[in-house]
Every structure is written in structure tokens, then in C-alpha cells.
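Enquirer: Please find upload25.txt (compact mmCIF, C-alpha atoms) on the next line:
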```txt
# COMPACT_ATOMS: atom_id res chain seq x y z
CA PHE A 417 -85.72 13.96 -52.99
CA SER A 418 -89.32 14.50 -53.99
CA PRO A 419 -91.35 11.46 -54.97
CA GLY A 420 -93.51 13.53 -57.34
CA PRO A 421 -97.27 13.71 -57.44
CA THR A 422 -99.37 10.90 -56.09
CA PRO A 423 -101.60 8.95 -58.51
CA SER A 424 -104.62 10.75 -57.08
CA GLN A 425 -102.99 14.17 -57.60
CA THR A 426 -102.17 13.20 -61.18
CA ALA A 427 -105.76 12.08 -61.79
CA MET A 428 -107.13 15.30 -60.32
CA ALA A 429 -104.81 17.41 -62.49
CA HIS A 430 -105.85 15.47 -65.59
CA GLU A 431 -109.54 15.96 -64.74
CA TRP A 432 -109.00 19.71 -64.19
CA TRP A 433 -107.20 19.99 -67.55
CA GLN A 434 -110.07 18.21 -69.34
CA ARG A 435 -112.63 20.52 -67.72
CA LEU A 436 -110.50 23.54 -68.63
CA LEU A 437 -110.58 22.63 -72.33
CA GLN A 438 -114.13 21.29 -72.44
CA GLY A 439 -116.41 23.40 -74.61
CA GLN A 440 -113.62 25.68 -75.80
CA PRO A 441 -113.12 26.26 -79.53
CA ALA A 442 -110.48 24.04 -81.14
CA HIS A 443 -108.06 26.94 -81.69
CA TYR A 444 -108.29 27.91 -78.01
CA GLN A 445 -107.57 24.31 -77.05
CA GLU A 446 -104.53 24.31 -79.33
CA ILE A 447 -103.25 27.53 -77.75
CA MET A 448 -103.63 26.00 -74.29
CA ARG A 449 -101.83 22.80 -75.32
CA MET A 450 -98.94 24.74 -76.83
CA ARG A 451 -98.66 26.91 -73.73
CA TYR A 452 -98.68 23.77 -71.56
CA GLN A 453 -95.81 22.45 -73.67
CA GLY A 454 -93.82 25.54 -72.69
CA LEU A 455 -94.13 27.71 -75.78
CA THR A 456 -94.24 31.45 -75.23
CA PHE A 457 -97.18 33.55 -76.36
CA PHE A 458 -94.96 34.93 -79.12
CA GLU A 459 -93.99 31.43 -80.33
CA ILE A 460 -97.62 30.31 -80.33
CA ALA A 461 -98.64 33.39 -82.29
CA GLU A 462 -95.94 32.74 -84.87
CA ARG A 463 -96.88 29.08 -85.29
CA LEU A 464 -100.59 29.81 -85.60
CA ASP A 465 -100.11 32.99 -87.67
CA LEU A 466 -101.93 35.10 -85.10
CA ASP A 467 -101.20 38.34 -83.31
CA GLU A 468 -99.60 37.77 -79.92
CA ARG A 469 -102.37 39.81 -78.25
CA THR A 470 -104.95 37.47 -79.74
CA VAL A 471 -103.16 34.50 -78.21
CA ARG A 472 -102.96 36.20 -74.82
CA ARG A 473 -106.67 37.09 -74.92
CA ALA A 474 -107.64 33.51 -75.82
CA PHE A 475 -105.48 32.14 -72.99
CA LYS A 476 -106.99 34.59 -70.50
CA LYS A 477 -110.53 33.79 -71.64
CA VAL A 478 -110.06 30.05 -71.14
CA LEU A 479 -108.74 30.64 -67.63
CA GLN A 480 -111.55 33.04 -66.80
CA ASP A 481 -114.14 30.56 -68.10
CA SER A 482 -112.64 27.88 -65.85
CA ILE A 483 -113.41 29.83 -62.68
CA ARG A 484 -117.06 30.49 -63.53
```
Show me the file's structure as C-alpha cells.
Expert:
Amino acid sequence: FSPGPTPSQTAMAHEWWQRLLQGQPAHYQEIMRMRYQGLTFFEIAERLDLDERTVRRAFKKVLQDSIR
């Protein structure tokens, strides 16, 4: 049995998520939210009427920006 994350771990994760999205264009934020919800890159591309490669590039860029 795992008690799950502590309140402090949850707060830290929420803060990291906010920093990850901060300053990103709205469509990049939407891609990240959809990915977080478990959608595949293909599903996101279909829903947003984008090429799957475009979705992958946006996702990668947000992650790369987060480590700078």
C-alpha cells in the first residue's frame, strides 16, 4: 500500500507544472495539458487539426525551455 504523494510533494509538482507552462504560447499550453491528460501525440494533433510532428516539436520545445 502506497499512501501517495505528500502534500509538499503535490505542491512542488503543481509549482513545477505552473513554471513549465509560464510564458508559453496558449496552443503549446493546450498541447501540454492534453498530453498530461493522457492523449497521444496523434490524438492531440487530430483534435487541434495539426500535424503530429508539429505537436511533438511543441512538446519538446516546452520541455527544453523548462531546463534552461
Enquirer: Pick the closest to Met450 of chain A from A:Glu431, A:Gln438, A:Lys476, A:Leu464: which is it, counting only C-alpha atoms?
Expert: A:Leu464
Enquirer: In Å, with one decimal, what is the gap from atom CA of Arg473 of chain A to atom CA of Ala461 of chain A?
Expert: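 Interatomic distance, atom CA of Arg473 of chain A to atom CA of Ala461 of chain A: 11.5 Å.
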Enquirer: List the neighbours of Leu437 of chain A out to 8 Å using all atoms listed in the file; skip same-chain residues closer than 3 positions along the sequence, and give me the result as a ChimeraX atom specification.
Expert: /A:433-434,440,445,448,478
Enquirer: If we count only C-alpha atoms, what is near Arg472 of chain A at a cut-off of 12 Å, once residues fewer than 6 positions away on the same chain are taken out, given as a PyMOL selection string?
Expert: chain A and resi 444+447-448+451+456-461+466+478-479
Enquirer: Atom CA of Ala474 of chain A and atom CA of Ala442 of chain A, how far apart in Å?
Expert: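 Between these atoms lies a distance of 11.2 Å.
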Enquirer: Mind giving me the straight-line distance from atom CA of Thr426 of chain A to atom CA of Gln453 of chain A in Å, one decimal?
Expert: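 Computing it gives 16.8 Å between the two atoms.
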Enquirer: Can you fill out segment 446-457 of chain A with all heavy atoms and hand it back as a PDB file, in the coordinates of the input?
Expert:
```
ATOM      1  N   GLU A 446    -105.890  24.426 -78.791  1.00  0.00           N
ATOM      2  CA  GLU A 446    -104.530  24.310 -79.330  1.00  0.00           C
ATOM      3  C   GLU A 446    -103.594  25.305 -78.664  1.00  0.00           C
ATOM      4  O   GLU A 446    -102.465  24.979 -78.319  1.00  0.00           O
ATOM      5  CB  GLU A 446    -104.547  24.513 -80.848  1.00  0.00           C
ATOM      6  CG  GLU A 446    -103.211  24.282 -81.501  1.00  0.00           C
ATOM      7  CD  GLU A 446    -102.667  22.870 -81.348  1.00  0.00           C
ATOM      8  OE1 GLU A 446    -103.446  21.932 -81.081  1.00  0.00           O
ATOM      9  OE2 GLU A 446    -101.442  22.692 -81.498  1.00  0.00           O
ATOM     10  N   ILE A 447    -104.061  26.522 -78.449  1.00  0.00           N
ATOM     11  CA  ILE A 447    -103.250  27.530 -77.750  1.00  0.00           C
ATOM     12  C   ILE A 447    -102.902  27.033 -76.356  1.00  0.00           C
ATOM     13  O   ILE A 447    -101.745  27.131 -75.923  1.00  0.00           O
ATOM     14  CB  ILE A 447    -104.000  28.883 -77.704  1.00  0.00           C
ATOM     15  CG1 ILE A 447    -104.028  29.508 -79.096  1.00  0.00           C
ATOM     16  CG2 ILE A 447    -103.383  29.824 -76.667  1.00  0.00           C
ATOM     17  CD1 ILE A 447    -104.959  30.693 -79.232  1.00  0.00           C
ATOM     18  N   MET A 448    -103.877  26.493 -75.647  1.00  0.00           N
ATOM     19  CA  MET A 448    -103.630  26.000 -74.290  1.00  0.00           C
ATOM     20  C   MET A 448    -102.620  24.842 -74.296  1.00  0.00           C
ATOM     21  O   MET A 448    -101.733  24.778 -73.445  1.00  0.00           O
ATOM     22  CB  MET A 448    -104.931  25.570 -73.623  1.00  0.00           C
ATOM     23  CG  MET A 448    -105.937  26.695 -73.433  1.00  0.00           C
ATOM     24  SD  MET A 448    -105.302  28.108 -72.502  1.00  0.00           S
ATOM     25  CE  MET A 448    -105.230  27.404 -70.851  1.00  0.00           C
ATOM     26  N   ARG A 449    -102.763  23.929 -75.242  1.00  0.00           N
ATOM     27  CA  ARG A 449    -101.830  22.800 -75.320  1.00  0.00           C
ATOM     28  C   ARG A 449    -100.402  23.275 -75.594  1.00  0.00           C
ATOM     29  O   ARG A 449     -99.450  22.788 -74.983  1.00  0.00           O
ATOM     30  CB  ARG A 449    -102.262  21.819 -76.411  1.00  0.00           C
ATOM     31  CG  ARG A 449    -103.429  20.966 -76.018  1.00  0.00           C
ATOM     32  CD  ARG A 449    -103.710  19.880 -77.071  1.00  0.00           C
ATOM     33  NE  ARG A 449    -105.015  19.329 -76.843  1.00  0.00           N
ATOM     34  CZ  ARG A 449    -106.124  19.677 -77.502  1.00  0.00           C
ATOM     35  NH1 ARG A 449    -106.076  20.575 -78.466  1.00  0.00           N
ATOM     36  NH2 ARG A 449    -107.283  19.129 -77.209  1.00  0.00           N
ATOM     37  N   MET A 450    -100.277  24.227 -76.498  1.00  0.00           N
ATOM     38  CA  MET A 450     -98.940  24.740 -76.830  1.00  0.00           C
ATOM     39  C   MET A 450     -98.332  25.470 -75.632  1.00  0.00           C
ATOM     40  O   MET A 450     -97.135  25.339 -75.363  1.00  0.00           O
ATOM     41  CB  MET A 450     -99.029  25.651 -78.055  1.00  0.00           C
ATOM     42  CG  MET A 450     -99.423  24.904 -79.317  1.00  0.00           C
ATOM     43  SD  MET A 450     -99.758  26.005 -80.696  1.00  0.00           S
ATOM     44  CE  MET A 450     -98.154  26.046 -81.461  1.00  0.00           C
ATOM     45  N   ARG A 451     -99.164  26.210 -74.919  1.00  0.00           N
ATOM     46  CA  ARG A 451     -98.660  26.910 -73.730  1.00  0.00           C
ATOM     47  C   ARG A 451     -98.226  25.897 -72.665  1.00  0.00           C
ATOM     48  O   ARG A 451     -97.198  26.063 -72.018  1.00  0.00           O
ATOM     49  CB  ARG A 451     -99.768  27.841 -73.189  1.00  0.00           C
ATOM     50  CG  ARG A 451     -99.295  28.748 -72.120  1.00  0.00           C
ATOM     51  CD  ARG A 451     -98.384  29.835 -72.682  1.00  0.00           C
ATOM     52  NE  ARG A 451     -98.027  30.724 -71.598  1.00  0.00           N
ATOM     53  CZ  ARG A 451     -96.779  30.998 -71.238  1.00  0.00           C
ATOM     54  NH1 ARG A 451     -95.768  30.526 -71.923  1.00  0.00           N
ATOM     55  NH2 ARG A 451     -96.538  31.778 -70.218  1.00  0.00           N
ATOM     56  N   TYR A 452     -99.013  24.839 -72.503  1.00  0.00           N
ATOM     57  CA  TYR A 452     -98.680  23.770 -71.560  1.00  0.00           C
ATOM     58  C   TYR A 452     -97.342  23.124 -71.916  1.00  0.00           C
ATOM     59  O   TYR A 452     -96.580  22.728 -71.041  1.00  0.00           O
ATOM     60  CB  TYR A 452     -99.799  22.735 -71.550  1.00  0.00           C
ATOM     61  CG  TYR A 452     -99.559  21.580 -70.619  1.00  0.00           C
ATOM     62  CD1 TYR A 452     -99.768  21.718 -69.251  1.00  0.00           C
ATOM     63  CD2 TYR A 452     -99.126  20.350 -71.099  1.00  0.00           C
ATOM     64  CE1 TYR A 452     -99.542  20.654 -68.387  1.00  0.00           C
ATOM     65  CE2 TYR A 452     -98.893  19.293 -70.242  1.00  0.00           C
ATOM     66  CZ  TYR A 452     -99.102  19.447 -68.891  1.00  0.00           C
ATOM     67  OH  TYR A 452     -98.872  18.395 -68.049  1.00  0.00           O
ATOM     68  N   GLN A 453     -97.077  23.038 -73.206  1.00  0.00           N
ATOM     69  CA  GLN A 453     -95.810  22.450 -73.670  1.00  0.00           C
ATOM     70  C   GLN A 453     -94.623  23.389 -73.467  1.00  0.00           C
ATOM     71  O   GLN A 453     -93.489  23.009 -73.708  1.00  0.00           O
ATOM     72  CB  GLN A 453     -95.919  22.075 -75.151  1.00  0.00           C
ATOM     73  CG  GLN A 453     -96.872  20.935 -75.402  1.00  0.00           C
ATOM     74  CD  GLN A 453     -97.175  20.742 -76.882  1.00  0.00           C
ATOM     75  OE1 GLN A 453     -96.820  21.565 -77.719  1.00  0.00           O
ATOM     76  NE2 GLN A 453     -97.839  19.650 -77.188  1.00  0.00           N
ATOM     77  N   GLY A 454     -94.909  24.620 -73.028  1.00  0.00           N
ATOM     78  CA  GLY A 454     -93.820  25.540 -72.690  1.00  0.00           C
ATOM     79  C   GLY A 454     -93.546  26.614 -73.730  1.00  0.00           C
ATOM     80  O   GLY A 454     -92.619  27.404 -73.555  1.00  0.00           O
ATOM     81  N   LEU A 455     -94.333  26.673 -74.786  1.00  0.00           N
ATOM     82  CA  LEU A 455     -94.130  27.710 -75.780  1.00  0.00           C
ATOM     83  C   LEU A 455     -94.552  29.055 -75.220  1.00  0.00           C
ATOM     84  O   LEU A 455     -95.493  29.138 -74.432  1.00  0.00           O
ATOM     85  CB  LEU A 455     -94.930  27.408 -77.049  1.00  0.00           C
ATOM     86  CG  LEU A 455     -94.271  26.470 -78.057  1.00  0.00           C
ATOM     87  CD1 LEU A 455     -94.194  25.057 -77.527  1.00  0.00           C
ATOM     88  CD2 LEU A 455     -95.013  26.492 -79.364  1.00  0.00           C
ATOM     89  N   THR A 456     -93.870  30.100 -75.660  1.00  0.00           N
ATOM     90  CA  THR A 456     -94.240  31.450 -75.230  1.00  0.00           C
ATOM     91  C   THR A 456     -95.437  31.914 -76.059  1.00  0.00           C
ATOM     92  O   THR A 456     -95.756  31.322 -77.097  1.00  0.00           O
ATOM     93  CB  THR A 456     -93.075  32.435 -75.446  1.00  0.00           C
ATOM     94  OG1 THR A 456     -92.830  32.546 -76.853  1.00  0.00           O
ATOM     95  CG2 THR A 456     -91.801  31.991 -74.714  1.00  0.00           C
ATOM     96  N   PHE A 457     -96.065  32.989 -75.603  1.00  0.00           N
ATOM     97  CA  PHE A 457     -97.180  33.550 -76.360  1.00  0.00           C
ATOM     98  C   PHE A 457     -96.715  33.957 -77.761  1.00  0.00           C
ATOM     99  O   PHE A 457     -97.420  33.764 -78.747  1.00  0.00           O
ATOM    100  CB  PHE A 457     -97.796  34.751 -75.640  1.00  0.00           C
ATOM    101  CG  PHE A 457     -98.507  34.364 -74.372  1.00  0.00           C
ATOM    102  CD1 PHE A 457     -98.041  34.779 -73.148  1.00  0.00           C
ATOM    103  CD2 PHE A 457     -99.659  33.595 -74.406  1.00  0.00           C
ATOM    104  CE1 PHE A 457     -98.697  34.438 -71.975  1.00  0.00           C
ATOM    105  CE2 PHE A 457    -100.324  33.239 -73.243  1.00  0.00           C
ATOM    106  CZ  PHE A 457     -99.841  33.657 -72.030  1.00  0.00           C
TER     107      PHE A 457
END
```
